[in-house]
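What follows is a single structure, written as structure tokens, with notes after it.
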Amino acid sequence: MNFLSLIEHKRDGGELSSEVIDELIKAYSSDSIPDYQMAAFLMAVNIRGMSTDETRALTLAMRDSGSVFQFPEDERPIVDKHSTGGVGDKVSLVLAPLLACLGYRVPMISGRGLGITGGTLDKLESIPGFSTQLSVDQIIAQVQSIGVAMGGQTAEIAPADQRLYALRDVTGTVPSIPLITASILSKKLAEGLDALVMDVKYGGAAFMRERDEARALAKTILVLAAECGVECSALLTDMNTPLGRAAGNWLEVKESVMFLEGNGPVDLEELVISCADQLPGCNAERASAELESGRPREKFTELLSAQGADLVAFETKLKLDSTAPVVREFSKRERGYLARCDARVIGEVVRDLGGGRQTKESKIHPDVGLDRILKPNEPVNGPLCRIHARSEEDADIAEERLMSAFEILDEKVGQFELISEIMR
Ligand code: URA
């Protein structure tokens with residue numbers, strides 16, 4: 001294969017055959033194509049786009065770079081949920097045990113934080129002893145036994161995506177509809193799913209800034225998933241405001257546990273129940289009743305125990321008000337109603353406190369972040385959030401940056417809409 005002419009063909013707006021795309025992924029996976037040429041190809045795709053046939057071929061080639069889960073026959077459907085990434089988005093942490101309680105099998109493969117968006121794996125790893133490094137066999141065995149496993153991508157699961165994603169992250173080629181579709185669906189198809197619910201985010205802290213772009217991404221994913229035999233629906237959700245009241249790895253785990261114990265934020269509940277509602281055989285009433293039963297909290301403990309968590313250390317950590325060296329309330333002088341809590345600024349602050357990565361090598365500090373975040377339309381007569389930092393200096397910097405994150409007005413703004421559309 002002459003890879004140079006293939007890059008040129010794509011650069012000039014040409015279409016590639018399935019065979020060529022398949023060969024391309026195989027060649028890249030076996031190190032026969034250098035990163036600089038693949039980066040040029042990705043940029044050509046980012047600019048020129050891909051046809052439906054090309055996107056399908058890329059997705060399947062990436063899926064087949066690893067193995068596809070083979071679950072034993074069982075009446076429990078195999079399902080998952082995937083979000084395109086947001087700030088304070090802890091839905092997976094609570095939805096996975098809820099779905100297991102509702103009688104689904106949930107082999108959830110999650111990612112790490114990227115840019116300002118948090119990652120489920122980083123959150124789970126803030127739990128003492130919890131292991132996210134599971135082999136395909138371990139995932140299958142655990143899902144068969146307790147209904148749920150939460151792990152990271154391994155060399156066995158769509159490894160081409162792992163390499164391509166790392167390259168996209170440093171070459172400005174993340175926000176491309178065919179590349180995002182292939183990245184997400186290659187992993188989801190490898191899980192051998194019956195059904196998938198997608199949370200496609202738009203807004204200031206999302207990859208897709210505009211709702212129309214999110215809709216176009218959702219449509220591409222829905223069409224391809226259906227062609228591949230996976231029942232899929234997509235929620236278009238707002239990511240201008242953080243989800244819930246906590247952002248930061250451990251603080252989000254803590255909020256998730258509070259949620260499972262019946263004390264969670266209402267926006268998180270709306271999204272969790274709406275995701276469950278989309279799955280075949282489920283509905284919002286059943287999901288709410290299951291949540292209220294307290295069983296998903298027990299399932300969460302079962303999941304932690306199955307993946308090596310130190311439950312005594314976990315429960316002790318949960319009881320602490322803060323596990324970061326510095327905790328500080330953040331306020332502004334104005335009084336009135338909160339008009340805006342900017343998820344992008346919040347995400348940047350959490351990342352820079354050490355909760356996210358500046359580079360691929362950055363070390364995550366699990367206990368930093370923000371909590372008790374005020375939500376739009378709430379009255380402002382005290383702190384707007386709390387800062388959990390590693391040092392007084394970090395807290396000072398965060399405080400300065402947070403000034404622009406919160407806008408306060410004399411009157412309430414219009415109703416805040418979290419879920420704007422559900423697509424099938
Ligand atoms: N999530 C993924 O898994 N891949 C992308 O490309 C974007 C979000």
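Residue numbering restarts at 1 in every chain; chains get A, B, ... in the order shown in the structure tokens, and ligands count up from 1 in that same order.
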Near region 172-179 of chain A, within 8 Å and counting only C-alpha atoms, which residues show up once chain neighbours fewer than 2 positions away are dropped, as an mmCIF file with all heavy atoms, in the first residue's frame?
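That gives us around.cif:
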```
data_model
loop_
_atom_site.group_PDB
_atom_site.id
_atom_site.type_symbol
_atom_site.label_atom_id
_atom_site.label_comp_id
_atom_site.auth_asym_id
_atom_site.auth_seq_id
_atom_site.Cartn_x
_atom_site.Cartn_y
_atom_site.Cartn_z
ATOM 1 N N LEU A 42 -5.227 11.676 9.604
ATOM 2 C CA LEU A 42 -6.312 12.067 10.519
ATOM 3 C C LEU A 42 -6.743 13.508 10.255
ATOM 4 O O LEU A 42 -7.936 13.828 10.288
ATOM 5 C CB LEU A 42 -5.868 11.904 11.982
ATOM 6 C CG LEU A 42 -5.641 10.462 12.451
ATOM 7 C CD1 LEU A 42 -4.987 10.448 13.837
ATOM 8 C CD2 LEU A 42 -6.944 9.666 12.472
ATOM 9 N N MET A 43 -5.757 14.372 9.988
ATOM 10 C CA MET A 43 -6.107 15.768 9.712
ATOM 11 C C MET A 43 -6.893 15.874 8.398
ATOM 12 O O MET A 43 -7.856 16.654 8.295
ATOM 13 C CB MET A 43 -4.839 16.641 9.667
ATOM 14 C CG MET A 43 -5.131 18.118 9.529
ATOM 15 S SD MET A 43 -6.242 18.772 10.814
ATOM 16 C CE MET A 43 -5.090 19.053 12.145
ATOM 17 N N VAL A 45 -8.887 13.615 7.238
ATOM 18 C CA VAL A 45 -10.251 13.160 7.558
ATOM 19 C C VAL A 45 -10.993 14.246 8.328
ATOM 20 O O VAL A 45 -12.166 14.529 8.069
ATOM 21 C CB VAL A 45 -10.211 11.846 8.386
ATOM 22 C CG1 VAL A 45 -11.601 11.490 8.901
ATOM 23 C CG2 VAL A 45 -9.644 10.701 7.559
ATOM 24 N N ASN A 46 -10.286 14.864 9.280
ATOM 25 C CA ASN A 46 -10.912 15.920 10.086
ATOM 26 C C ASN A 46 -11.458 17.029 9.190
ATOM 27 O O ASN A 46 -12.555 17.548 9.400
ATOM 28 C CB ASN A 46 -9.877 16.475 11.072
ATOM 29 C CG ASN A 46 -10.505 17.180 12.260
ATOM 30 O OD1 ASN A 46 -10.167 16.914 13.412
ATOM 31 N ND2 ASN A 46 -11.427 18.077 11.998
ATOM 32 N N GLY A 49 -13.827 14.968 6.106
ATOM 33 C CA GLY A 49 -14.922 14.093 6.537
ATOM 34 C C GLY A 49 -14.817 12.710 5.925
ATOM 35 O O GLY A 49 -13.849 12.398 5.209
ATOM 36 N N MET A 50 -15.807 11.873 6.208
ATOM 37 C CA MET A 50 -15.853 10.525 5.639
ATOM 38 C C MET A 50 -17.291 10.203 5.253
ATOM 39 O O MET A 50 -18.223 10.681 5.919
ATOM 40 C CB MET A 50 -15.385 9.484 6.670
ATOM 41 C CG MET A 50 -13.894 9.242 6.709
ATOM 42 S SD MET A 50 -13.477 7.918 7.853
ATOM 43 C CE MET A 50 -11.937 7.362 7.124
ATOM 44 N N THR A 55 -16.908 5.489 7.182
ATOM 45 C CA THR A 55 -16.985 5.499 8.654
ATOM 46 C C THR A 55 -17.252 4.080 9.166
ATOM 47 O O THR A 55 -16.670 3.642 10.162
ATOM 48 C CB THR A 55 -18.096 6.469 9.133
ATOM 49 O OG1 THR A 55 -17.883 7.729 8.503
ATOM 50 C CG2 THR A 55 -18.063 6.666 10.627
ATOM 51 N N TYR A 165 -6.439 7.438 19.361
ATOM 52 C CA TYR A 165 -6.965 8.501 20.214
ATOM 53 C C TYR A 165 -5.832 9.343 20.779
ATOM 54 O O TYR A 165 -5.898 10.581 20.803
ATOM 55 C CB TYR A 165 -7.850 7.951 21.350
ATOM 56 C CG TYR A 165 -8.724 9.069 21.845
ATOM 57 C CD1 TYR A 165 -10.028 9.200 21.426
ATOM 58 C CD2 TYR A 165 -8.183 10.077 22.637
ATOM 59 C CE1 TYR A 165 -10.794 10.289 21.797
ATOM 60 C CE2 TYR A 165 -8.934 11.164 23.015
ATOM 61 C CZ TYR A 165 -10.235 11.268 22.594
ATOM 62 O OH TYR A 165 -10.975 12.350 22.950
ATOM 63 N N ARG A 168 -4.714 11.607 18.091
ATOM 64 C CA ARG A 168 -5.694 12.683 17.834
ATOM 65 C C ARG A 168 -5.628 13.750 18.913
ATOM 66 O O ARG A 168 -5.747 14.940 18.637
ATOM 67 C CB ARG A 168 -7.109 12.091 17.784
ATOM 68 C CG ARG A 168 -7.386 11.302 16.522
ATOM 69 C CD ARG A 168 -8.670 10.509 16.663
ATOM 70 N NE ARG A 168 -9.815 11.350 16.911
ATOM 71 C CZ ARG A 168 -10.881 10.967 17.616
ATOM 72 N NH1 ARG A 168 -10.965 9.754 18.120
ATOM 73 N NH2 ARG A 168 -11.886 11.788 17.794
ATOM 74 N N ASP A 169 -5.419 13.282 20.147
ATOM 75 C CA ASP A 169 -5.406 14.205 21.283
ATOM 76 C C ASP A 169 -4.299 15.260 21.144
ATOM 77 O O ASP A 169 -4.447 16.381 21.611
ATOM 78 C CB ASP A 169 -5.197 13.369 22.564
ATOM 79 C CG ASP A 169 -5.645 14.102 23.806
ATOM 80 O OD1 ASP A 169 -6.514 14.974 23.686
ATOM 81 O OD2 ASP A 169 -5.114 13.813 24.890
ATOM 82 N N VAL A 170 -3.202 14.896 20.489
ATOM 83 C CA VAL A 170 -2.072 15.841 20.381
ATOM 84 C C VAL A 170 -1.924 16.423 18.967
ATOM 85 O O VAL A 170 -0.926 17.078 18.659
ATOM 86 C CB VAL A 170 -0.733 15.174 20.823
ATOM 87 C CG1 VAL A 170 -0.763 14.872 22.311
ATOM 88 C CG2 VAL A 170 -0.436 13.910 20.025
ATOM 89 N N THR A 181 -17.108 8.872 15.995
ATOM 90 C CA THR A 181 -18.021 7.733 15.827
ATOM 91 C C THR A 181 -17.252 6.417 15.825
ATOM 92 O O THR A 181 -17.605 5.468 16.541
ATOM 93 C CB THR A 181 -18.804 7.878 14.489
ATOM 94 O OG1 THR A 181 -19.521 9.106 14.533
ATOM 95 C CG2 THR A 181 -19.760 6.727 14.272
ATOM 96 N N ALA A 182 -16.185 6.361 15.028
ATOM 97 C CA ALA A 182 -15.407 5.116 14.941
ATOM 98 C C ALA A 182 -14.757 4.800 16.285
ATOM 99 O O ALA A 182 -14.708 3.633 16.706
ATOM 100 C CB ALA A 182 -14.342 5.250 13.849
ATOM 101 N N SER A 183 -14.278 5.834 16.974
ATOM 102 C CA SER A 183 -13.622 5.631 18.263
ATOM 103 C C SER A 183 -14.605 5.039 19.280
ATOM 104 O O SER A 183 -14.317 4.041 19.944
ATOM 105 C CB SER A 183 -13.074 6.978 18.746
ATOM 106 O OG SER A 183 -12.709 6.916 20.092
ATOM 107 N N PHE A 207 -17.054 18.580 23.389
ATOM 108 C CA PHE A 207 -16.330 18.589 22.104
ATOM 109 C C PHE A 207 -17.152 19.312 21.047
ATOM 110 O O PHE A 207 -16.644 19.998 20.188
ATOM 111 C CB PHE A 207 -16.085 17.163 21.606
ATOM 112 C CG PHE A 207 -15.088 16.393 22.418
ATOM 113 C CD1 PHE A 207 -15.355 15.106 22.852
ATOM 114 C CD2 PHE A 207 -13.866 16.956 22.741
ATOM 115 C CE1 PHE A 207 -14.440 14.406 23.602
ATOM 116 C CE2 PHE A 207 -12.936 16.255 23.488
ATOM 117 C CZ PHE A 207 -13.220 14.982 23.920
ATOM 118 N N MET A 208 -18.466 19.068 21.100
ATOM 119 C CA MET A 208 -19.376 19.694 20.141
ATOM 120 C C MET A 208 -19.953 20.944 20.801
ATOM 121 O O MET A 208 -20.741 20.829 21.748
ATOM 122 C CB MET A 208 -20.523 18.722 19.788
ATOM 123 C CG MET A 208 -20.051 17.419 19.174
ATOM 124 S SD MET A 208 -19.491 17.690 17.503
ATOM 125 C CE MET A 208 -18.174 16.522 17.373
ATOM 126 N N ALA A 216 -25.770 15.991 14.686
ATOM 127 C CA ALA A 216 -25.166 15.304 13.526
ATOM 128 C C ALA A 216 -24.319 14.118 13.997
ATOM 129 O O ALA A 216 -24.347 13.036 13.387
ATOM 130 C CB ALA A 216 -24.315 16.293 12.734
ATOM 131 N N LEU A 217 -23.582 14.305 15.096
ATOM 132 C CA LEU A 217 -22.778 13.192 15.638
ATOM 133 C C LEU A 217 -23.696 12.062 16.095
ATOM 134 O O LEU A 217 -23.467 10.883 15.771
ATOM 135 C CB LEU A 217 -21.927 13.697 16.811
ATOM 136 C CG LEU A 217 -21.169 12.619 17.598
ATOM 137 C CD1 LEU A 217 -20.182 11.867 16.707
ATOM 138 C CD2 LEU A 217 -20.419 13.237 18.790
ATOM 139 N N THR A 220 -25.071 10.062 13.169
ATOM 140 C CA THR A 220 -24.076 9.156 12.575
ATOM 141 C C THR A 220 -23.911 7.913 13.445
ATOM 142 O O THR A 220 -23.864 6.780 12.945
ATOM 143 C CB THR A 220 -22.717 9.889 12.427
ATOM 144 O OG1 THR A 220 -22.951 11.111 11.758
ATOM 145 C CG2 THR A 220 -21.711 9.080 11.667
#
```
With DSSP run on the backbone, what are the helix (DSSP H, G or I) residues within region 162-244 of chain A? I'd like them as a compact mmCIF listing (two decimals) with N, CA, C and O atoms, in the first residue's frame.
```txt
# COMPACT_ATOMS: atom_id res chain seq x y z
N GLN A 162 -7.03 3.02 20.92
CA GLN A 162 -6.18 3.56 21.99
C GLN A 162 -5.03 4.38 21.39
O GLN A 162 -4.76 5.50 21.81
N ARG A 163 -4.40 3.82 20.36
CA ARG A 163 -3.27 4.53 19.73
C ARG A 163 -3.73 5.73 18.93
O ARG A 163 -3.14 6.81 18.96
N LEU A 164 -4.82 5.53 18.19
CA LEU A 164 -5.31 6.64 17.37
C LEU A 164 -5.81 7.79 18.24
O LEU A 164 -5.59 8.96 17.92
N TYR A 165 -6.44 7.44 19.36
CA TYR A 165 -6.96 8.50 20.21
C TYR A 165 -5.83 9.34 20.78
O TYR A 165 -5.90 10.58 20.80
N ALA A 166 -4.77 8.65 21.22
CA ALA A 166 -3.62 9.38 21.79
C ALA A 166 -3.04 10.34 20.74
O ALA A 166 -2.66 11.47 21.04
N LEU A 167 -3.01 9.87 19.50
CA LEU A 167 -2.48 10.70 18.41
C LEU A 167 -3.42 11.88 18.11
O LEU A 167 -2.98 13.03 17.93
N ARG A 168 -4.71 11.61 18.09
CA ARG A 168 -5.69 12.68 17.83
C ARG A 168 -5.63 13.75 18.91
O ARG A 168 -5.75 14.94 18.64
N ASP A 169 -5.42 13.28 20.15
CA ASP A 169 -5.41 14.20 21.28
C ASP A 169 -4.30 15.26 21.14
O ASP A 169 -4.45 16.38 21.61
N ILE A 177 -16.55 14.16 13.36
CA ILE A 177 -17.67 13.23 13.54
C ILE A 177 -17.31 11.79 13.16
O ILE A 177 -17.52 10.87 13.95
N PRO A 178 -16.70 11.54 11.99
CA PRO A 178 -16.38 10.13 11.69
C PRO A 178 -15.34 9.54 12.64
O PRO A 178 -15.45 8.37 13.02
N LEU A 179 -14.38 10.35 13.07
CA LEU A 179 -13.36 9.81 13.98
C LEU A 179 -13.93 9.54 15.37
O LEU A 179 -13.60 8.54 16.00
N ILE A 180 -14.81 10.41 15.85
CA ILE A 180 -15.43 10.17 17.17
C ILE A 180 -16.34 8.95 17.08
O ILE A 180 -16.33 8.07 17.95
N THR A 181 -17.11 8.87 15.99
CA THR A 181 -18.02 7.73 15.83
C THR A 181 -17.25 6.42 15.83
O THR A 181 -17.60 5.47 16.54
N ALA A 182 -16.18 6.36 15.03
CA ALA A 182 -15.41 5.12 14.94
C ALA A 182 -14.76 4.80 16.29
O ALA A 182 -14.71 3.63 16.71
N SER A 183 -14.28 5.83 16.97
CA SER A 183 -13.62 5.63 18.26
C SER A 183 -14.61 5.04 19.28
O SER A 183 -14.32 4.04 19.94
N ILE A 184 -15.77 5.66 19.37
CA ILE A 184 -16.75 5.19 20.37
C ILE A 184 -17.30 3.81 19.98
O ILE A 184 -17.28 2.87 20.77
N LEU A 185 -17.76 3.69 18.73
CA LEU A 185 -18.45 2.45 18.38
C LEU A 185 -17.50 1.26 18.26
O LEU A 185 -17.90 0.13 18.49
N SER A 186 -16.23 1.49 17.92
CA SER A 186 -15.30 0.33 17.85
C SER A 186 -15.23 -0.33 19.22
O SER A 186 -15.26 -1.56 19.34
N LYS A 187 -15.18 0.49 20.28
CA LYS A 187 -15.11 -0.08 21.64
C LYS A 187 -16.45 -0.70 22.03
O LYS A 187 -16.49 -1.77 22.63
N LYS A 188 -17.53 -0.01 21.70
CA LYS A 188 -18.85 -0.50 22.12
C LYS A 188 -19.21 -1.79 21.38
O LYS A 188 -19.80 -2.69 21.94
N LEU A 189 -18.83 -1.87 20.10
CA LEU A 189 -19.13 -3.09 19.34
C LEU A 189 -18.27 -4.25 19.86
O LEU A 189 -18.69 -5.40 19.85
N ALA A 190 -17.07 -3.94 20.37
CA ALA A 190 -16.20 -4.99 20.92
C ALA A 190 -16.81 -5.58 22.20
O ALA A 190 -16.51 -6.69 22.57
N ARG A 211 -25.46 22.60 19.37
CA ARG A 211 -26.42 21.50 19.43
C ARG A 211 -26.55 20.78 18.08
O ARG A 211 -26.69 19.57 18.00
N ASP A 212 -26.50 21.56 16.99
CA ASP A 212 -26.63 20.94 15.66
C ASP A 212 -25.49 19.98 15.37
O ASP A 212 -25.68 18.95 14.73
N GLU A 213 -24.28 20.34 15.84
CA GLU A 213 -23.13 19.43 15.64
C GLU A 213 -23.34 18.15 16.45
O GLU A 213 -23.04 17.05 15.99
N ALA A 214 -23.85 18.31 17.68
CA ALA A 214 -24.11 17.15 18.53
C ALA A 214 -25.16 16.26 17.88
O ALA A 214 -25.05 15.02 17.89
N ARG A 215 -26.17 16.89 17.29
CA ARG A 215 -27.24 16.14 16.62
C ARG A 215 -26.66 15.35 15.44
O ARG A 215 -27.00 14.19 15.22
N ALA A 216 -25.77 15.99 14.69
CA ALA A 216 -25.17 15.30 13.53
C ALA A 216 -24.32 14.12 14.00
O ALA A 216 -24.35 13.04 13.39
N LEU A 217 -23.58 14.30 15.10
CA LEU A 217 -22.78 13.19 15.64
C LEU A 217 -23.70 12.06 16.09
O LEU A 217 -23.47 10.88 15.77
N ALA A 218 -24.76 12.43 16.83
CA ALA A 218 -25.69 11.41 17.33
C ALA A 218 -26.29 10.63 16.17
O ALA A 218 -26.39 9.40 16.21
N LYS A 219 -26.66 11.32 15.11
CA LYS A 219 -27.29 10.67 13.96
C LYS A 219 -26.33 9.66 13.34
O LYS A 219 -26.72 8.53 13.02
N THR A 220 -25.07 10.06 13.17
CA THR A 220 -24.08 9.16 12.57
C THR A 220 -23.91 7.91 13.44
O THR A 220 -23.86 6.78 12.94
N ILE A 221 -23.84 8.12 14.76
CA ILE A 221 -23.67 6.97 15.67
C ILE A 221 -24.90 6.06 15.62
O ILE A 221 -24.78 4.83 15.54
N LEU A 222 -26.09 6.67 15.63
CA LEU A 222 -27.33 5.87 15.63
C LEU A 222 -27.44 5.00 14.38
O LEU A 222 -27.77 3.81 14.47
N VAL A 223 -27.14 5.60 13.23
CA VAL A 223 -27.28 4.87 11.97
C VAL A 223 -26.30 3.69 11.94
O VAL A 223 -26.66 2.54 11.64
N LEU A 224 -25.07 3.96 12.33
CA LEU A 224 -24.05 2.91 12.26
C LEU A 224 -24.30 1.82 13.29
O LEU A 224 -24.15 0.62 13.01
N ALA A 225 -24.70 2.22 14.50
CA ALA A 225 -24.98 1.22 15.54
C ALA A 225 -26.09 0.29 15.07
O ALA A 225 -25.99 -0.94 15.21
N ALA A 226 -27.15 0.88 14.49
CA ALA A 226 -28.28 0.06 14.03
C ALA A 226 -27.83 -0.91 12.95
O ALA A 226 -28.18 -2.10 12.96
N GLU A 227 -26.99 -0.42 12.03
CA GLU A 227 -26.49 -1.30 10.95
C GLU A 227 -25.69 -2.46 11.53
O GLU A 227 -25.61 -3.53 10.95
```
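Closest approach to Val345 (chain A) among A:Lys123, A:Arg63, A:Arg333, A:Arg401: A:Arg401, based on only C-alpha atoms.
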Could you make a table, as a Markdown table, of the residues of region 219-273 of chain A that have an atom within 7 Å of an atom of region 369-393 of chain A, each with its nearest atom pair and distance in Å to one decimal, counting only C-alpha atoms, in chain and number order?
```
| residue | atom | partner | partner_atom | distance |
| --- | --- | --- | --- | --- |
| A:Arg245 | CA | A:Ile373 | CA | 4.6 |
| A:Ala246 | CA | A:Asp371 | CA | 4.1 |
| A:Ala247 | CA | A:Leu370 | CA | 5.3 |
| A:Gly248 | CA | A:Gly369 | CA | 4.3 |
| A:Leu251 | CA | A:Asp371 | CA | 6.8 |
```
Output N, CA, C and O atoms for every residue in that selection, as an mmCIF file, in the first residue's frame.
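The resulting file, again_35.cif, is reproduced below:
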```
data_model
loop_
_atom_site.group_PDB
_atom_site.id
_atom_site.type_symbol
_atom_site.label_atom_id
_atom_site.label_comp_id
_atom_site.auth_asym_id
_atom_site.auth_seq_id
_atom_site.Cartn_x
_atom_site.Cartn_y
_atom_site.Cartn_z
ATOM 1 N N ARG A 245 -23.218 18.737 41.699
ATOM 2 C CA ARG A 245 -22.612 19.818 42.477
ATOM 3 C C ARG A 245 -21.149 19.565 42.780
ATOM 4 O O ARG A 245 -20.549 20.250 43.608
ATOM 5 N N ALA A 246 -20.565 18.546 42.171
ATOM 6 C CA ALA A 246 -19.157 18.251 42.443
ATOM 7 C C ALA A 246 -18.426 17.977 41.137
ATOM 8 O O ALA A 246 -18.985 17.364 40.221
ATOM 9 N N ALA A 247 -17.193 18.458 41.044
ATOM 10 C CA ALA A 247 -16.333 18.167 39.889
ATOM 11 C C ALA A 247 -14.928 17.908 40.421
ATOM 12 O O ALA A 247 -14.369 18.738 41.143
ATOM 13 N N GLY A 248 -14.376 16.750 40.076
ATOM 14 C CA GLY A 248 -13.103 16.317 40.651
ATOM 15 C C GLY A 248 -13.284 14.850 41.001
ATOM 16 O O GLY A 248 -14.379 14.451 41.423
ATOM 17 N N LEU A 251 -14.315 13.673 44.712
ATOM 18 C CA LEU A 251 -15.523 14.413 45.082
ATOM 19 C C LEU A 251 -16.727 13.907 44.290
ATOM 20 O O LEU A 251 -17.852 13.887 44.787
#
```
List every residue of region 160-386 of chain A that DSSP, applied to the backbone of this structure, places in strand (DSSP E), and write the result as an NGL selection string.
-> :A and (195-202 or 231-238 or 326-330 or 336-341 or 369-371 or 379-380 or 385-386)
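Using only C-alpha atoms, the protein and nucleic acid residues lying no more than 6 Å from region 404-416 of chain A, apart from those fewer than 2 places from it along its own chain, are A:Gly336, A:Tyr337, A:Leu338, A:Ala339, A:Arg340, A:Cys341, A:Asp342, A:Val345, A:Asn377, A:Leu402.
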Near-region 256-266 of chain A list (12 Å; only C-alpha atoms; drop same-chain fewer than 5 positions) as an NGL selection string | :A and (88-98 or 120 or 123-124 or 127 or 242-251 or 271-273 or 288-301 or 314-315 or 317-319 or 371-375 or 418)
